[in-house]
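*Asks:* Sharing input.tsv, TSV, C-alpha atoms and all ligand atoms:
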chain	number	residue	atom	x	y	z
A	71	MET	CA	110.40	86.80	131.52
A	72	ASN	CA	112.26	86.98	128.20
A	73	LEU	CA	110.28	85.22	125.49
A	74	PRO	CA	111.59	84.72	121.96
A	75	ALA	CA	110.28	87.55	119.75
A	76	GLU	CA	107.90	85.24	117.85
A	77	GLU	CA	106.19	84.01	121.03
A	78	ALA	CA	106.13	87.50	122.56
A	79	ASN	CA	104.43	88.84	119.43
A	80	ARG	CA	101.82	86.08	119.49
A	81	ARG	CA	100.93	86.92	123.06
A	82	TYR	CA	100.86	90.62	122.33
A	83	PHE	CA	98.46	90.27	119.38
A	84	ARG	CA	96.29	87.71	121.14
A	85	ASP	CA	95.90	90.16	124.01
A	86	ALA	CA	95.37	93.12	121.70
A	87	TYR	CA	92.40	91.41	120.06
A	88	ARG	CA	91.06	89.94	123.29
A	89	THR	CA	90.87	93.36	124.91
A	90	GLY	CA	90.40	95.46	121.77
A	91	LYS	CA	93.00	97.82	123.20
A	92	HIS	CA	95.95	98.55	120.96
A	93	GLY	CA	97.70	101.46	119.36
A	94	TRP	CA	96.41	101.36	115.77
A	95	ALA	CA	93.07	102.42	114.34
A	96	VAL	CA	90.32	99.81	114.42
A	97	GLU	CA	87.86	101.24	111.93
A	98	ASP	CA	89.43	104.13	110.03
A	99	PRO	CA	91.61	102.99	107.15
A	100	SER	CA	94.87	104.73	106.43
A	101	PRO	CA	94.30	107.45	103.80
A	102	TYR	CA	97.52	106.27	102.13
A	103	ALA	CA	96.18	102.76	101.71
A	104	GLU	CA	93.00	104.24	100.27
A	105	LYS	CA	94.99	106.40	97.89
A	106	PHE	CA	97.04	103.44	96.60
A	107	LEU	CA	93.99	101.19	96.30
A	108	ASN	CA	92.11	103.83	94.35
A	109	ARG	CA	95.08	104.09	92.00
A	110	LEU	CA	95.18	100.30	91.55
A	111	LYS	CA	91.46	100.10	90.94
A	112	ARG	CA	92.07	101.76	87.58
A	113	ILE	CA	94.98	99.46	86.70
A	114	VAL	CA	93.70	96.08	87.94
A	115	PRO	CA	89.93	96.43	88.34
A	116	ASN	CA	88.46	93.46	90.26
A	117	GLY	CA	91.98	92.17	90.97
A	118	ARG	CA	92.65	89.46	93.56
A	119	LEU	CA	94.01	91.06	96.71
A	120	LEU	CA	95.61	89.52	99.79
A	121	ASP	CA	95.57	91.65	102.95
A	122	ILE	CA	98.23	90.02	105.10
A	123	GLY	CA	98.16	90.75	108.85
A	124	CYS	CA	94.68	92.14	108.21
A	125	GLY	CA	93.85	92.61	111.90
A	126	GLU	CA	90.29	93.84	112.26
A	127	GLY	CA	89.91	94.24	108.52
A	128	ARG	CA	89.79	98.01	108.02
A	129	HIS	CA	91.75	97.85	104.74
A	130	ALA	CA	90.11	94.65	103.52
A	131	ILE	CA	86.77	96.47	103.71
A	132	VAL	CA	88.00	99.41	101.65
A	133	ALA	CA	89.48	97.04	99.07
A	134	SER	CA	86.29	94.99	98.86
A	135	ARG	CA	84.19	98.12	98.38
A	136	LEU	CA	86.47	99.13	95.52
A	137	GLY	CA	85.66	95.85	93.79
A	138	PHE	CA	88.77	93.78	94.56
A	139	LYS	CA	88.35	90.07	95.36
A	140	VAL	CA	89.72	90.12	98.86
A	141	THR	CA	91.36	87.47	101.01
A	142	ALA	CA	91.99	88.81	104.51
A	143	ALA	CA	94.58	86.81	106.43
A	144	ASP	CA	96.11	86.97	109.87
A	145	TYR	CA	97.83	84.42	112.08
A	146	GLU	CA	95.69	85.45	115.03
A	147	PRO	CA	92.22	83.83	114.86
A	148	SER	CA	90.70	86.40	117.26
A	149	ALA	CA	91.66	89.18	114.81
A	150	LEU	CA	89.71	87.35	112.11
A	151	ARG	CA	86.69	86.93	114.39
A	152	ARG	CA	86.70	90.68	114.97
A	153	ALA	CA	87.23	91.36	111.27
A	154	ARG	CA	84.25	89.14	110.35
A	155	ARG	CA	82.00	91.01	112.81
A	156	PHE	CA	83.24	94.37	111.61
A	157	THR	CA	82.72	93.60	107.92
A	158	TRP	CA	79.26	92.20	108.67
A	159	LYS	CA	78.36	95.35	110.62
A	160	ASN	CA	79.50	97.41	107.64
A	161	GLY	CA	77.34	95.43	105.24
A	162	VAL	CA	80.36	94.11	103.34
A	163	ARG	CA	80.09	90.53	102.04
A	164	GLY	CA	82.38	88.27	100.06
A	165	ILE	CA	85.72	88.70	101.84
A	166	ALA	CA	87.47	85.34	102.40
A	167	PHE	CA	89.01	85.18	105.89
A	168	ARG	CA	91.94	82.84	106.41
A	169	VAL	CA	94.35	82.02	109.22
A	170	MET	CA	97.78	82.37	107.60
A	171	ASN	CA	101.30	83.05	108.73
A	172	VAL	CA	102.99	85.50	106.38
A	173	LEU	CA	106.24	83.57	106.70
A	174	CYS	CA	104.79	80.50	104.97
A	175	LEU	CA	101.65	81.50	103.09
A	176	PRO	CA	99.57	78.43	102.21
A	177	ALA	CA	98.21	79.86	98.96
A	178	PRO	CA	98.81	78.70	95.39
A	179	GLY	CA	101.58	80.40	93.41
A	180	ALA	CA	100.66	83.69	91.71
A	181	ALA	CA	97.24	83.58	93.38
A	182	PHE	CA	97.08	87.36	93.85
A	183	ASP	CA	97.44	90.53	91.80
A	184	ILE	CA	97.95	92.70	94.88
A	185	VAL	CA	99.42	92.03	98.32
A	186	LEU	CA	98.80	94.60	101.03
A	187	ASP	CA	100.74	94.68	104.29
A	188	TYR	CA	99.82	97.40	106.73
A	189	GLY	CA	101.90	96.98	109.84
A	190	CYS	CA	102.91	93.31	109.68
A	191	LEU	CA	106.47	93.32	108.30
A	192	HIS	CA	107.79	95.66	110.98
A	193	HIS	CA	106.94	93.02	113.59
A	194	GLN	CA	109.10	90.38	111.85
A	195	LYS	CA	112.71	89.90	112.89
A	196	LYS	CA	115.39	90.54	110.29
A	197	SER	CA	116.24	86.83	110.24
A	198	ASP	CA	112.65	86.21	108.99
A	199	TRP	CA	112.70	88.77	106.18
A	200	ALA	CA	113.93	86.26	103.60
A	201	ALA	CA	111.02	83.92	104.42
A	202	TYR	CA	108.62	86.88	104.39
A	203	LYS	CA	109.80	88.03	100.98
A	204	SER	CA	109.85	84.64	99.33
A	205	SER	CA	106.35	84.01	100.67
A	206	ILE	CA	105.09	87.25	99.11
A	207	LEU	CA	106.94	86.60	95.85
A	208	ARG	CA	105.42	83.13	95.59
A	209	VAL	CA	101.80	84.25	95.92
A	210	LEU	CA	102.07	87.52	93.96
A	211	ALA	CA	101.75	87.30	90.18
A	212	PRO	CA	104.64	88.75	88.14
A	213	GLY	CA	103.83	92.40	87.44
A	214	GLY	CA	101.56	92.41	90.51
A	215	PHE	CA	101.45	95.17	93.11
A	216	TYR	CA	102.56	95.27	96.71
A	217	ILE	CA	101.45	97.90	99.21
A	218	LEU	CA	103.55	98.22	102.35
A	219	SER	CA	103.40	100.36	105.45
A	220	VAL	CA	106.20	100.14	108.02
A	221	PHE	CA	107.55	102.21	110.90
A	222	SER	CA	110.09	104.88	110.00
A	223	PRO	CA	112.75	106.17	112.43
A	224	LYS	CA	110.40	109.11	113.07
A	225	PHE	CA	107.84	106.94	114.83
A	226	PRO	CA	107.78	108.34	118.41
A	227	LEU	CA	108.76	105.01	119.98
A	228	PHE	CA	112.10	105.11	118.19
A	229	ARG	CA	113.01	108.78	118.56
A	230	GLY	CA	116.38	109.25	120.20
A	231	ARG	CA	117.15	105.52	120.27
A	232	GLN	CA	120.40	104.05	118.97
A	233	ARG	CA	118.89	100.68	118.00
A	234	ASN	CA	116.62	100.10	115.04
A	235	TRP	CA	114.35	97.73	116.98
A	236	HIS	CA	112.48	97.91	120.21
A	237	ILE	CA	110.32	95.64	122.34
A	238	ALA	CA	107.26	97.58	123.52
A	239	GLN	CA	104.48	95.93	125.57
A	240	GLY	CA	106.12	92.65	124.71
A	241	ALA	CA	105.98	93.01	120.92
A	242	TYR	CA	108.97	93.23	118.64
A	243	ARG	CA	108.97	96.35	116.44
A	244	ARG	CA	111.54	97.54	113.97
A	245	PHE	CA	111.86	100.74	112.03
A	246	PHE	CA	112.98	100.93	108.44
A	247	THR	CA	115.10	103.59	106.77
A	248	ARG	CA	114.61	104.39	103.10
A	249	ARG	CA	117.85	102.52	102.49
A	250	ASP	CA	116.51	99.40	104.31
A	251	ILE	CA	113.46	99.42	102.05
A	252	ARG	CA	115.61	99.76	98.96
A	253	ALA	CA	118.00	97.00	100.08
A	254	LEU	CA	115.22	94.57	100.86
A	255	PHE	CA	112.98	95.10	97.85
A	256	SER	CA	114.72	96.79	94.91
A	257	ARG	CA	115.88	93.55	93.26
A	258	ASP	CA	112.32	92.26	92.88
A	259	PHE	CA	110.17	95.39	93.02
A	260	GLU	CA	110.03	98.80	91.44
A	261	VAL	CA	108.87	101.63	93.71
A	262	LEU	CA	105.92	103.41	92.10
A	263	GLU	CA	105.31	105.76	95.01
A	264	ILE	CA	106.85	106.22	98.45
A	265	ILE	CA	105.44	108.57	101.05
A	266	GLU	CA	106.91	109.39	104.43
A	267	GLU	CA	104.20	110.21	106.92
A	268	ASN	CA	105.22	111.90	110.11
A	269	GLY	CA	103.65	114.22	112.58
A	270	GLY	CA	101.73	113.67	115.76
A	271	ARG	CA	101.82	109.97	116.68
A	272	HIS	CA	102.93	108.97	113.21
A	273	GLY	CA	106.17	107.92	111.62
A	274	PHE	CA	105.60	105.55	108.71
A	275	TRP	CA	106.67	104.77	105.20
A	276	HIS	CA	103.82	104.00	102.83
A	277	VAL	CA	105.04	102.34	99.66
A	278	LEU	CA	103.40	101.20	96.46
A	279	PHE	CA	105.58	98.68	94.61
A	280	ARG	CA	105.23	96.82	91.36
A	281	ARG	CA	106.81	93.40	91.07
A	282	ARG	CA	109.35	93.20	88.29
A	283	LYS	CA	108.25	90.86	85.49
A	284	ARG	CA	111.51	89.02	84.86
A	301	LIG	C1	99.81	96.37	113.76
A	301	LIG	S1	98.64	95.13	113.39
A	301	LIG	C2	97.92	95.84	111.91
A	301	LIG	C3	96.58	95.25	111.55
A	301	LIG	C4	95.94	95.75	110.25
A	301	LIG	N1	96.80	95.49	109.09
A	301	LIG	C5	95.61	97.21	110.31
A	301	LIG	O1	96.22	98.01	109.59
A	301	LIG	O2	94.71	97.54	111.08
A	301	LIG	C6	99.68	93.82	112.74
A	301	LIG	C7	98.92	92.57	112.40
A	301	LIG	O3	99.82	91.60	111.85
A	301	LIG	C8	99.49	90.33	112.36
A	301	LIG	N2	100.71	89.50	112.26
A	301	LIG	C9	101.90	89.69	112.89
A	301	LIG	N3	102.79	88.75	112.52
A	301	LIG	C10	102.15	87.94	111.63
A	301	LIG	C11	102.54	86.78	110.89
A	301	LIG	N4	103.77	86.25	111.02
A	301	LIG	N5	101.64	86.24	110.04
A	301	LIG	C12	100.39	86.76	109.92
A	301	LIG	N6	99.95	87.83	110.62
A	301	LIG	C13	100.84	88.42	111.46
A	301	LIG	C14	99.03	90.58	113.78
A	301	LIG	O4	98.24	89.54	114.31
A	301	LIG	C15	98.27	91.89	113.61
A	301	LIG	O5	96.91	91.65	113.32
Turn this file's structure into structure tokens for me.
Ligand SMILES: C[S@@+](CC[C@H](N)C(=O)[O-])C[C@H]1O[C@@H](n2cnc3c(N)ncnc32)[C@H](O)[C@@H]1O

*Replies:*
Amino acid sequence: MNLPAEEANRRYFRDAYRTGKHGWAVEDPSPYAEKFLNRLKRIVPNGRLLDIGCGEGRHAIVASRLGFKVTAADYEPSALRRARRFTWKNGVRGIAFRVMNVLCLPAPGAAFDIVLDYGCLHHQKKSDWAAYKSSILRVLAPGGFYILSVFSPKFPLFRGRQRNWHIAQGAYRRFFTRRDIRALFSRDFEVLEIIEENGGRHGFWHVLFRRRKR
């Protein structure tokens, strides 16, 4: 059965959180996210941070422990249930959990100093990127920071493929080249740091951006 990408993704994530079986880490945060958050802690201590597509909350927990005021959002309620349990188990309190779709974030303008997206954008179709970006730009304060992690062409799933997208286990996934990242974000964001991680099962770009003030 061929479902539209949006519906296929919904099913995939619902199943991922129902079974707890999926391909990304549940508890261990990415060391790159930790590195960027530690850097931002010195620049915007206690800043308001939105973790969009937070999943089970591994990065929201790190951010909260570093003193940020964290809102953890995902469009899949079962992800948030897991994230609540996980943060509770870790003794972390004070994270606000919200059901939100990144394509139309229901938050006031400039509500956040930092937006963090670990693994959400690369599940959005290209036709949704404009909505994604305007959503982020609306909720992120001018001069605010944006942390992004997306698949690179070196992610094993994409090796040797001609296309830059792939449906795996029913979910839409797309890899980004450095040029894609520049084309999508350079008008509104300055790249402060970009790291290409590859090796083993990995193939990601980790990017720390700052929103231009104009
Ligand atoms: C690969 S998982 C990563 C989860 C988490 N950020 C992490 O690093 O563990 C992608 C997450 O994005 C969420 N997601 C996908 N599309 C979304 C959308 N349009 N709005 C909000 N969340 C979305 C999924 O439900 C899933 O939890």

*Asks:* Could you build a table of the residues in chain A lying no more than 7 Å from ligand LIG 301 (chain A), giving for each the nearest pair of atoms and their separation in Å rounded to one decimal place, using all atoms listed in the file, ordered by chain and ascending residue number, as JSON lines?

*Replies:*
{"residue": "A:Phe83", "atom": "CA", "partner": "A:LIG301", "partner_atom": "O4", "distance": 5.1}
{"residue": "A:Trp94", "atom": "CA", "partner": "A:LIG301", "partner_atom": "O2", "distance": 6.3}
{"residue": "A:Ala95", "atom": "CA", "partner": "A:LIG301", "partner_atom": "O2", "distance": 6.1}
{"residue": "A:Val96", "atom": "CA", "partner": "A:LIG301", "partner_atom": "O2", "distance": 6.0}
{"residue": "A:Ile122", "atom": "CA", "partner": "A:LIG301", "partner_atom": "N6", "distance": 6.2}
{"residue": "A:Gly123", "atom": "CA", "partner": "A:LIG301", "partner_atom": "O3", "distance": 3.5}
{"residue": "A:Cys124", "atom": "CA", "partner": "A:LIG301", "partner_atom": "N1", "distance": 4.1}
{"residue": "A:Gly125", "atom": "CA", "partner": "A:LIG301", "partner_atom": "O5", "distance": 3.5}
{"residue": "A:Glu126", "atom": "CA", "partner": "A:LIG301", "partner_atom": "O2", "distance": 5.9}
{"residue": "A:Gly127", "atom": "CA", "partner": "A:LIG301", "partner_atom": "O2", "distance": 6.4}
{"residue": "A:Arg128", "atom": "CA", "partner": "A:LIG301", "partner_atom": "O2", "distance": 5.8}
{"residue": "A:His129", "atom": "CA", "partner": "A:LIG301", "partner_atom": "O1", "distance": 6.6}
{"residue": "A:Ala143", "atom": "CA", "partner": "A:LIG301", "partner_atom": "C12", "distance": 6.8}
{"residue": "A:Asp144", "atom": "CA", "partner": "A:LIG301", "partner_atom": "N6", "distance": 4.0}
{"residue": "A:Tyr145", "atom": "CA", "partner": "A:LIG301", "partner_atom": "C12", "distance": 4.1}
{"residue": "A:Glu146", "atom": "CA", "partner": "A:LIG301", "partner_atom": "O4", "distance": 4.9}
{"residue": "A:Ala149", "atom": "CA", "partner": "A:LIG301", "partner_atom": "O5", "distance": 6.0}
{"residue": "A:Met170", "atom": "CA", "partner": "A:LIG301", "partner_atom": "C12", "distance": 5.6}
{"residue": "A:Asn171", "atom": "CA", "partner": "A:LIG301", "partner_atom": "N5", "distance": 3.5}
{"residue": "A:Val172", "atom": "CA", "partner": "A:LIG301", "partner_atom": "N5", "distance": 4.0}
{"residue": "A:Leu173", "atom": "CA", "partner": "A:LIG301", "partner_atom": "N4", "distance": 5.7}
{"residue": "A:Asp187", "atom": "CA", "partner": "A:LIG301", "partner_atom": "N1", "distance": 6.3}
{"residue": "A:Tyr188", "atom": "CA", "partner": "A:LIG301", "partner_atom": "N1", "distance": 4.3}
{"residue": "A:Gly189", "atom": "CA", "partner": "A:LIG301", "partner_atom": "C1", "distance": 4.5}
{"residue": "A:Cys190", "atom": "CA", "partner": "A:LIG301", "partner_atom": "O3", "distance": 4.1}
{"residue": "A:His193", "atom": "CA", "partner": "A:LIG301", "partner_atom": "N3", "distance": 6.0}
{"residue": "A:Gln194", "atom": "CA", "partner": "A:LIG301", "partner_atom": "N3", "distance": 6.6}

*Asks:* What lies within 10 Å of Lys139 (chain A) using all atoms listed in the file, ignoring chain neighbours under 3 positions off, as a PyMOL selection string?

*Replies:* chain A and resi 115-120+130+133-136+142+164-166+182-184

*Asks:* Would you compute the box with edges along x, y and z of the file around region 128-139 of chain A, including every atom the file lists for it and 3 Å extra on each side, and give its centre and edge lengths in Å to one decimal, as AutoDock Vina command-line options?

*Replies:*
--center_x 88.0 --center_y 94.7 --center_z 100.9 --size_x 13.6 --size_y 15.3 --size_z 20.2

*Asks:* Excluding Pro74 (chain A) and its own-chain neighbours fewer than 6 positions away, which residues fall within 12 Å of it when counting all atoms listed in the file? Please give them as a ChimeraX atom specification.

*Replies:* /A:80-81,194-195,237,240-242

*Asks:* From the list A:Ile206, A:Ala86, A:Ala181, A:Ile264, which residue is nearest Arg252 (chain A) when using only C-alpha atoms?

*Replies:*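 Distance minimum relative to Arg252 (chain A) lands on A:Ile264.
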
*Asks:* Give me, please, the distance in Å between CA of Phe228 (chain A) and CA of Phe245 (chain A), quoted to one decimal.

*Replies:* 7.6 Å

*Asks:* Extract, using all atoms listed in the file, all DNA, RNA and protein residues at most 7 Å from region 267-279 of chain A, discarding same-chain residues fewer than 5 positions from it, and format them as a count of residues only.

*Replies:* 18

*Asks:* CA of Ile131 (chain A) to CA of Thr157 (chain A): how many Å, to one decimal?

*Replies:*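 Distance reported for this atom pair: 6.5 Å.
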
*Asks:* Pick from A:Glu76, A:Lys203, A:Pro212, A:Val132: nearest to Leu107 (chain A), with all atoms listed in the file counted?

*Replies:*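 Under the stated criterion, the closest residue is A:Val132.
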
*Asks:* List every protein, DNA or RNA residue with an atom no more than 7 Å from (102.4, 85.3, 94.4) in the file's coordinates, counting only C-alpha atoms, and format the result as a list in words.

*Replies:*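 The answer, in the requested form, is Gly179, Ala180, Ala181, Phe182, Ile206, Leu207, Arg208, Val209, Leu210 and Ala211 of chain A.
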
*Asks:* Take CA of Ile113 (chain A) and CA of Asp98 (chain A) and report the distance between them in Å, one decimal.

*Replies:*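 So the two atoms, CA of Ile113 (chain A) and CA of Asp98 (chain A), lie 24.4 Å apart.
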
*Asks:* When distances are computed from only C-alpha atoms, which of A:Asp250, A:His236, A:Ala153, A:Val162 shows the smallest separation from Trp199 (chain A)?

*Replies:*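 Checking each of A:Asp250, A:His236, A:Ala153, A:Val162 against Trp199 (chain A), counting only C-alpha atoms, the winner is A:Asp250.
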
*Asks:* For Pro176 (chain A), which residue out of A:Arg229, A:Arg163, A:Phe246, A:Ser205 is the nearest one, using only C-alpha atoms?

*Replies:*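 Answer, going by the shortest atom-to-atom distance: A:Ser205.
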
*Asks:* So, with only C-alpha atoms as the atoms that count, which of A:Lys159, A:Lys111, A:Lys105, A:Arg151 lies closest to Tyr87 (chain A)?

*Replies:*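 Ranked by minimum distance to Tyr87 (chain A), first place goes to A:Arg151.
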
*Asks:* Closest to Asn234 (chain A) among A:His192, A:Arg109, A:Ala253, A:Ile265, using all atoms listed in the file?

*Replies:*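 Ranking A:His192, A:Arg109, A:Ala253, A:Ile265 by distance to Asn234 (chain A), first place goes to A:His192.
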
*Asks:* Return region 107-137 of chain A, completed with N, CA and C atoms, as a short mmCIF file (atom, residue, chain, number, x, y, z; two decimals), keeping the file's coordinate frame.

*Replies:*
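What ended up in selection21.cif:
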data_model
loop_
_atom_site.label_atom_id
_atom_site.label_comp_id
_atom_site.auth_asym_id
_atom_site.auth_seq_id
_atom_site.Cartn_x
_atom_site.Cartn_y
_atom_site.Cartn_z
N LEU A 107 95.02 102.12 96.80
CA LEU A 107 93.99 101.19 96.30
C LEU A 107 93.15 101.84 95.21
N ASN A 108 92.86 103.12 95.38
CA ASN A 108 92.11 103.83 94.35
C ASN A 108 92.91 103.89 93.05
N ARG A 109 94.22 104.07 93.19
CA ARG A 109 95.08 104.09 92.00
C ARG A 109 95.06 102.72 91.30
N LEU A 110 95.14 101.66 92.12
CA LEU A 110 95.18 100.30 91.55
C LEU A 110 93.85 99.88 90.95
N LYS A 111 92.79 100.44 91.47
CA LYS A 111 91.46 100.10 90.94
C LYS A 111 91.38 100.38 89.43
N ARG A 112 92.10 101.43 89.02
CA ARG A 112 92.07 101.76 87.58
C ARG A 112 92.98 100.84 86.78
N ILE A 113 94.01 100.28 87.43
CA ILE A 113 94.98 99.46 86.70
C ILE A 113 94.59 97.98 86.69
N VAL A 114 94.13 97.49 87.86
CA VAL A 114 93.70 96.08 87.94
C VAL A 114 92.29 96.00 88.53
N PRO A 115 91.28 96.48 87.78
CA PRO A 115 89.93 96.43 88.34
C PRO A 115 89.55 94.98 88.67
N ASN A 116 88.89 94.80 89.80
CA ASN A 116 88.46 93.46 90.26
C ASN A 116 89.62 92.51 90.52
N GLY A 117 90.82 93.03 90.73
CA GLY A 117 91.98 92.17 90.97
C GLY A 117 91.85 91.39 92.27
N ARG A 118 92.64 90.31 92.36
CA ARG A 118 92.65 89.46 93.56
C ARG A 118 93.65 90.04 94.56
N LEU A 119 93.16 90.36 95.73
CA LEU A 119 94.01 91.06 96.71
C LEU A 119 94.14 90.27 98.00
N LEU A 120 95.36 90.15 98.48
CA LEU A 120 95.61 89.52 99.79
C LEU A 120 96.02 90.61 100.78
N ASP A 121 95.21 90.74 101.87
CA ASP A 121 95.57 91.65 102.95
C ASP A 121 96.21 90.80 104.04
N ILE A 122 97.53 90.91 104.18
CA ILE A 122 98.23 90.02 105.10
C ILE A 122 98.50 90.75 106.43
N GLY A 123 98.14 90.07 107.54
CA GLY A 123 98.16 90.75 108.85
C GLY A 123 97.02 91.75 108.87
N CYS A 124 95.84 91.25 108.46
CA CYS A 124 94.68 92.14 108.21
C CYS A 124 94.10 92.73 109.49
N GLY A 125 94.42 92.11 110.65
CA GLY A 125 93.85 92.61 111.90
C GLY A 125 92.33 92.62 111.84
N GLU A 126 91.75 93.74 112.19
CA GLU A 126 90.29 93.84 112.26
C GLU A 126 89.65 94.16 110.91
N GLY A 127 90.46 94.22 109.87
CA GLY A 127 89.91 94.24 108.52
C GLY A 127 89.63 95.61 107.92
N ARG A 128 90.16 96.67 108.52
CA ARG A 128 89.79 98.01 108.02
C ARG A 128 90.19 98.24 106.56
N HIS A 129 91.34 97.65 106.14
CA HIS A 129 91.75 97.85 104.74
C HIS A 129 91.09 96.84 103.80
N ALA A 130 90.80 95.66 104.33
CA ALA A 130 90.11 94.65 103.52
C ALA A 130 88.73 95.19 103.10
N ILE A 131 88.09 95.91 104.01
CA ILE A 131 86.77 96.47 103.71
C ILE A 131 86.85 97.50 102.59
N VAL A 132 87.83 98.40 102.70
CA VAL A 132 88.00 99.41 101.65
C VAL A 132 88.23 98.72 100.30
N ALA A 133 89.13 97.72 100.31
CA ALA A 133 89.48 97.04 99.07
C ALA A 133 88.25 96.34 98.47
N SER A 134 87.47 95.70 99.34
CA SER A 134 86.29 94.99 98.86
C SER A 134 85.29 95.99 98.25
N ARG A 135 85.12 97.11 98.92
CA ARG A 135 84.19 98.12 98.38
C ARG A 135 84.65 98.67 97.05
N LEU A 136 85.96 98.64 96.81
CA LEU A 136 86.47 99.13 95.52
C LEU A 136 86.37 98.07 94.43
N GLY A 137 85.90 96.89 94.80
CA GLY A 137 85.66 95.85 93.79
C GLY A 137 86.72 94.76 93.73
#
